[in-house]
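Colleague: Take a look at the following structure, please.
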2 protein chains.
Amino acid sequence: MSVLPQSVEKVINEFSKLPGVGPKTAARMAYHYIRSPNHDAKKLSEALSHMDENVVFCKKCFNISEEEICDICSSPLRKKSKLCVVEEPLDVIAFENSAVYDGLYFVLGGVISPAEGISAEDLRFKDLKKRVNEILGEIEKERLEIIVATNPSLEGEASASYISDMFKKEVKEGTIEITRLAMGLPTGADLEYADRLTLKRALEGRKSI
Amino acid sequence: MSVLPQSVEKVINEFSKLPGVGPKTAARMAYHYIRSPNHDAKKLSEALSHMDENVVFCKKCFNISEEEICDICSSPLRKKSKLCVVEEPLDVIAFENSAVYDGLYFVLGGVISPAEGISAEDLRFKDLKKRVNEILGEIEKERLEIIVATNPSLEGEASASYISDMFKKEVKEGTIEITRLAMGLPTGADLEYADRLTLKRALEGRKSI
């Protein structure tokens with residue numbers, strides 16, 4: 001006999017599908033909603049259902065959006081000559097929240113990872129090619145900079161190389177320039193705790209002051 | 001301008017209300033549901049709404065239930081002469097999952113914690129008194145054992161003392177016996193890492209073998 005009401009069991013089961021959430025955490029989450037005095041469960045339920053019905057992927061950059069074309073892709077204020085390629089929508093949010101970038105984005109949907117069985121075909125490289133050609137047509141004689149902003153992991157590096165191979169011809173012709181985010185020590189880091197690769201990259205990328 | 005669609009922002013906002021979930025984790029959770037191919041958001045939404053409408057607290061033990069009186073309280077197989085007092089419904093689940101107990105439960109709803117502004121009045125001590133009298137009436141001449149199973153924390157101990165004070169008279173009369181869960185080293189523990197209090201309790205509670 002299970003001591004849990006079926007309706008609670010179901011919520012726990014759904015929460016358990018979240019990455020990094022085990023059955024105990026899921027139970028604690030469900031219990032939080034049971035105990036909440038102001039019908040938070042109902043509120044979350046409605047918010048989720050609304051999100052499920054309204055959120056789509058932008059047809060140009062594949063970021064999450066409530067429109068066919070997202071606010072960024074349709075904004076006349078964004079520079080079309082810069083295309084920042086990221087792994088996931090959350091990366092777009094990180095850039096936007098820091099307000100340091102005024103170009104366009106393209107969301108790959110992940111990175112090449114043989115260990116997890118994710119090959120180039122599973123990602124949006126073909127869509128990226130298409131989008132790049134579209135932009136090249138729009139900016140005419142300007143040069144397009146593709147900023148590869150995949151994570152500084154082995155997989156992120158592999159995907160960056162893949163992109164750079166994809167546009168070899170265009171780079172030679174000078175219509176495209178491919179850049180990669182700088183690597184080094186993050187602000188506030190403690191040198192003592194920096195890993196070997198970060199130190200190596202920080203040293204390689206050193207600048208005169 | 002927020003880069004996030006409003007419907008996503010709302011889900012993140014709701015998830016952020018969970019204890020221990022910050023805005024970044026909440027965003028990752030929301031994004032998981034956006035990306036999920038099989039409408040997990042819809043499933044969770046429905047499960048939550050169903051739970052919100054169906055789950056109540058048992059009128060006798062205050063455990064979560066879909067009936068007025070929960071399965072445990074209404075089961076003829078459970079011993080009425082044992083009442084295990086726990087802090088939260090999750091503690092009942094822990095006992096039930098380990099199948100080591102055949103008595104009844106009572107869920108206090110927390111523990112006395114001056115630091116968090118939780119006093120005895122905020123908990124179900126009055127309901128406990130009522131429930132105990134009810135059981136005493138039902139078991140007639142049998143002695144009722146109240147097993148205090150609050151957590152082995154300062155607050156849990158304070159609540160245990162409170163309960164033991166509440167039933168001083170009945171204990172003297174011999175109608176009630178109050179016990180506390182044993183304390184000591186947990187199975188699989190490493191002595192080296194045990195804290196002082198645990199070691200002290202383990203030593204005090206030592207048994208001949």
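Here, A, B, ... name the chains of the structure tokens in the order displayed, residue numbers run from 1 inside each chain, and ligands are numbered from 1 in the same displayed order.
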Any chance you could fit chain A onto chain B with least squares, all Cα atoms in order, and share the moved copy as a compact mmCIF listing (two decimals) with C-alpha atoms, in the first residue's frame?
Modeller:
# COMPACT_ATOMS: atom_id res chain seq x y z
CA MET A 1 13.11 44.91 -22.45
CA SER A 2 12.91 41.44 -21.10
CA VAL A 3 13.98 38.82 -23.56
CA LEU A 4 11.68 36.25 -22.00
CA PRO A 5 8.14 35.70 -23.17
CA GLN A 6 5.72 36.64 -20.41
CA SER A 7 4.28 33.15 -20.16
CA VAL A 8 7.76 31.78 -19.50
CA GLU A 9 8.51 34.54 -16.99
CA LYS A 10 5.39 33.50 -15.09
CA VAL A 11 6.39 29.85 -14.88
CA ILE A 12 9.88 30.85 -13.67
CA ASN A 13 8.28 33.10 -11.11
CA GLU A 14 6.12 30.24 -9.80
CA PHE A 15 9.01 27.77 -9.69
CA SER A 16 11.08 30.35 -7.77
CA LYS A 17 8.64 30.06 -4.88
CA LEU A 18 9.93 26.55 -4.19
CA PRO A 19 12.29 26.40 -1.21
CA GLY A 20 15.89 26.31 -2.36
CA VAL A 21 15.06 27.19 -5.95
CA GLY A 22 16.61 30.43 -7.17
CA PRO A 23 15.77 32.28 -10.38
CA LYS A 24 18.46 30.45 -12.38
CA THR A 25 17.29 26.99 -11.36
CA ALA A 26 13.70 28.05 -11.97
CA ALA A 27 14.65 29.21 -15.47
CA ARG A 28 16.35 25.91 -16.15
CA MET A 29 13.25 24.07 -14.95
CA ALA A 30 10.94 26.16 -17.15
CA TYR A 31 13.26 25.67 -20.10
CA HIS A 32 13.22 21.91 -19.53
CA TYR A 33 9.46 21.95 -19.97
CA ILE A 34 9.66 24.13 -23.06
CA ARG A 35 12.11 21.76 -24.67
CA SER A 36 10.36 18.55 -23.65
CA PRO A 37 8.93 16.94 -26.77
CA ASN A 38 6.03 15.13 -25.12
CA HIS A 39 4.11 17.97 -23.50
CA ASP A 40 5.47 17.39 -20.01
CA ALA A 41 4.40 20.92 -19.14
CA LYS A 42 0.79 20.02 -19.88
CA LYS A 43 1.11 16.80 -17.88
CA LEU A 44 2.56 18.55 -14.85
CA SER A 45 -0.06 21.28 -15.19
CA GLU A 46 -2.86 18.74 -15.10
CA ALA A 47 -1.30 16.75 -12.27
CA LEU A 48 -0.92 19.90 -10.16
CA SER A 49 -4.43 21.05 -10.79
CA HIS A 50 -5.79 17.60 -9.96
CA MET A 51 -3.74 17.52 -6.76
CA ASP A 52 -4.87 20.99 -5.78
CA GLU A 53 -8.50 19.93 -6.10
CA ASN A 54 -8.27 16.53 -4.47
CA VAL A 55 -5.74 16.54 -1.67
CA VAL A 56 -6.90 17.38 1.84
CA PHE A 57 -5.49 16.82 5.32
CA CYS A 58 -6.87 13.80 7.17
CA LYS A 59 -9.17 15.00 9.95
CA LYS A 60 -7.64 12.61 12.46
CA CYS A 61 -3.90 12.61 11.82
CA PHE A 62 -3.49 15.61 9.45
CA ASN A 63 -1.53 13.57 6.97
CA ILE A 64 -2.23 14.29 3.29
CA SER A 65 -5.08 12.27 1.89
CA GLU A 66 -7.75 12.19 -0.77
CA GLU A 67 -10.38 11.18 1.80
CA GLU A 68 -11.62 12.95 4.94
CA ILE A 69 -10.03 10.18 6.98
CA CYS A 70 -6.82 8.75 5.51
CA ASP A 71 -6.15 5.08 4.71
CA ILE A 72 -3.96 4.63 7.76
CA CYS A 73 -6.40 6.10 10.29
CA SER A 74 -9.28 4.09 8.84
CA SER A 75 -7.36 0.81 8.55
CA PRO A 76 -8.45 -1.90 11.01
CA LEU A 77 -4.97 -3.41 10.73
CA ARG A 78 -3.15 -0.52 12.41
CA LYS A 79 -2.52 -0.72 16.15
CA LYS A 80 -4.40 2.05 17.93
CA SER A 81 -2.24 1.81 21.01
CA LYS A 82 0.72 3.42 19.22
CA LEU A 83 0.72 7.01 18.01
CA CYS A 84 3.77 8.26 16.18
CA VAL A 85 4.02 12.06 16.24
CA VAL A 86 5.93 13.46 13.27
CA GLU A 87 6.67 16.92 11.94
CA GLU A 88 5.48 16.56 8.37
CA PRO A 89 3.62 14.28 5.95
CA LEU A 90 6.97 13.40 4.34
CA ASP A 91 8.00 11.80 7.62
CA VAL A 92 4.95 9.54 7.47
CA ILE A 93 6.03 8.51 3.98
CA ALA A 94 9.53 7.71 5.27
CA PHE A 95 8.10 5.43 7.97
CA GLU A 96 5.62 3.77 5.62
CA ASN A 97 8.22 3.16 2.93
CA SER A 98 10.43 1.36 5.40
CA ALA A 99 7.49 -0.74 6.66
CA VAL A 100 8.74 -0.82 10.22
CA TYR A 101 5.70 0.59 12.01
CA ASP A 102 2.13 -0.63 12.40
CA GLY A 103 0.54 2.05 14.59
CA LEU A 104 -1.14 5.38 13.90
CA TYR A 105 0.40 8.77 13.12
CA PHE A 106 -0.14 12.37 14.02
CA VAL A 107 1.35 15.16 11.90
CA LEU A 108 2.27 18.23 13.95
CA GLY A 109 2.81 20.48 10.96
CA GLY A 110 6.30 21.56 12.01
CA VAL A 111 8.28 22.15 15.18
CA ILE A 112 8.50 24.94 17.72
CA SER A 113 11.13 27.34 16.39
CA PRO A 114 11.49 30.76 18.04
CA ALA A 115 14.10 31.64 15.38
CA GLU A 116 11.53 31.23 12.62
CA GLY A 117 8.72 32.70 14.71
CA ILE A 118 6.89 29.38 15.03
CA SER A 119 5.33 28.99 18.48
CA ALA A 120 3.31 26.13 19.95
CA GLU A 121 0.10 27.89 18.89
CA ASP A 122 1.09 27.58 15.23
CA LEU A 123 1.28 23.80 15.48
CA ARG A 124 -1.37 21.14 16.06
CA PHE A 125 -0.78 20.49 19.75
CA LYS A 126 -4.45 21.11 20.60
CA ASP A 127 -5.51 18.69 17.88
CA LEU A 128 -2.99 16.21 19.24
CA LYS A 129 -4.55 16.47 22.72
CA LYS A 130 -7.98 15.92 21.20
CA ARG A 131 -6.81 12.98 19.11
CA VAL A 132 -5.06 11.37 22.08
CA ASN A 133 -8.23 11.62 24.18
CA GLU A 134 -10.21 10.12 21.33
CA ILE A 135 -7.81 7.18 21.08
CA LEU A 136 -7.77 6.71 24.86
CA GLY A 137 -11.56 6.38 24.71
CA GLU A 138 -11.28 3.80 21.94
CA ILE A 139 -8.56 1.58 23.37
CA GLU A 140 -10.16 1.66 26.84
CA LYS A 141 -7.82 -0.03 29.29
CA GLU A 142 -4.82 -0.45 26.99
CA ARG A 143 -1.93 1.93 27.49
CA LEU A 144 -1.25 4.39 24.64
CA GLU A 145 2.34 4.81 23.56
CA ILE A 146 3.13 8.18 22.03
CA ILE A 147 6.29 7.84 19.97
CA VAL A 148 7.74 11.29 19.48
CA ALA A 149 9.47 11.17 16.10
CA THR A 150 10.33 14.82 15.58
CA ASN A 151 13.75 15.39 14.00
CA PRO A 152 16.83 15.16 16.23
CA SER A 153 17.36 18.93 16.02
CA LEU A 154 17.14 21.56 18.75
CA GLU A 155 13.64 22.44 17.56
CA GLY A 156 12.62 18.81 17.37
CA GLU A 157 13.83 18.29 20.94
CA ALA A 158 11.92 21.34 22.17
CA SER A 159 8.73 20.06 20.59
CA ALA A 160 9.32 16.64 22.11
CA SER A 161 9.63 18.23 25.57
CA TYR A 162 6.47 20.21 24.94
CA ILE A 163 4.57 17.00 24.18
CA SER A 164 5.97 15.26 27.21
CA ASP A 165 4.83 18.23 29.37
CA MET A 166 1.37 18.14 27.79
CA PHE A 167 0.72 14.59 28.95
CA LYS A 168 2.50 14.68 32.30
CA LYS A 169 -0.69 13.78 34.18
CA GLU A 170 -1.58 10.87 31.92
CA VAL A 171 1.96 9.51 32.12
CA LYS A 172 1.81 9.62 35.93
CA GLU A 173 -1.54 7.84 35.86
CA GLY A 174 -0.05 5.21 33.57
CA THR A 175 -2.53 5.66 30.72
CA ILE A 176 0.14 7.05 28.41
CA GLU A 177 3.78 6.23 27.86
CA ILE A 178 5.92 8.66 25.88
CA THR A 179 8.94 7.42 23.96
CA ARG A 180 11.47 9.06 21.67
CA LEU A 181 13.26 7.50 18.70
CA ALA A 182 16.71 6.16 19.52
CA MET A 183 19.67 8.32 18.59
CA GLY A 184 23.09 7.14 17.55
CA LEU A 185 25.06 6.31 14.46
CA PRO A 186 23.08 5.74 11.28
CA THR A 187 23.73 2.54 9.30
CA GLY A 188 26.72 2.87 7.03
CA ALA A 189 28.01 5.91 8.87
CA ASP A 190 31.70 6.62 9.09
CA LEU A 191 32.69 7.17 12.72
CA GLU A 192 35.39 9.52 11.56
CA TYR A 193 32.83 11.95 10.17
CA ALA A 194 30.20 11.65 12.91
CA ASP A 195 29.48 14.92 14.71
CA ARG A 196 30.07 15.34 18.42
CA LEU A 197 26.42 15.12 19.47
CA THR A 198 25.81 11.96 17.46
CA LEU A 199 28.88 10.33 19.04
CA LYS A 200 27.77 11.45 22.49
CA ARG A 201 24.30 9.98 21.95
CA ALA A 202 25.72 6.79 20.46
CA LEU A 203 27.94 6.36 23.51
CA GLU A 204 25.15 7.13 25.99
CA GLY A 205 22.84 4.65 24.29
CA ARG A 206 25.37 1.84 23.99
CA LYS A 207 24.13 -1.71 24.55
CA SER A 208 25.84 -4.93 25.57
CA ILE A 209 26.21 -7.41 22.76
Colleague: Region 113-203 of chain A: which residues are helix (DSSP H, G or I) by DSSP, as number ranges by chain?
Modeller: A: 114-116, 120-122, 125-139, 154-166, 168-173, 191-193, 196-203
Colleague: Report the residues of region 2-183 of chain A whose backbone DSSP state falls under strand (DSSP E or B), written as a list of chain:residue names.
Modeller: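 Across region 2-183 of chain A, those assigned strand (DSSP E or B) are A:Val56, A:Phe57, A:Ile64, A:Ser65, A:Lys79, A:Lys80, A:Ser81, A:Lys82, A:Leu83, A:Cys84, A:Val85, A:Val86, A:Gly103, A:Leu104, A:Tyr105, A:Phe106, A:Val107, A:Ser113, A:Ile118, A:Leu144, A:Glu145, A:Ile146, A:Ile147, A:Val148, A:Ile176, A:Glu177, A:Ile178, A:Thr179, A:Arg180.
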Colleague: Once you have the residues from the selection above, write them out as a short mmCIF file (atom, residue, chain, number, x, y, z; two decimals), in the first residue's frame, restricted to C-alpha atoms.
Modeller:
data_model
loop_
_atom_site.label_atom_id
_atom_site.label_comp_id
_atom_site.auth_asym_id
_atom_site.auth_seq_id
_atom_site.Cartn_x
_atom_site.Cartn_y
_atom_site.Cartn_z
CA VAL A 56 7.17 28.43 -29.81
CA PHE A 57 10.68 28.56 -31.24
CA ILE A 64 11.89 30.74 -27.38
CA SER A 65 9.22 33.23 -28.28
CA LYS A 79 22.92 44.77 -35.87
CA LYS A 80 22.46 42.19 -38.60
CA SER A 81 26.17 41.92 -39.25
CA LYS A 82 26.73 40.03 -35.98
CA LEU A 83 25.35 36.56 -35.32
CA CYS A 84 26.01 35.01 -31.94
CA VAL A 85 25.67 31.22 -32.02
CA VAL A 86 24.71 29.76 -28.63
CA GLY A 103 23.55 41.71 -32.76
CA LEU A 104 21.41 38.69 -33.63
CA TYR A 105 21.43 35.19 -32.18
CA PHE A 106 21.17 31.65 -33.39
CA VAL A 107 20.31 28.82 -30.99
CA SER A 113 28.51 15.12 -27.93
CA ILE A 118 24.31 13.78 -30.06
CA LEU A 144 29.04 39.00 -41.25
CA GLU A 145 30.71 38.14 -37.98
CA ILE A 146 29.69 34.80 -36.52
CA ILE A 147 30.50 34.83 -32.82
CA VAL A 148 30.65 31.24 -31.64
CA ILE A 176 32.27 35.93 -43.09
CA GLU A 177 34.53 36.26 -40.09
CA ILE A 178 34.27 33.68 -37.31
CA THR A 179 35.20 34.61 -33.75
CA ARG A 180 35.11 32.79 -30.44
#
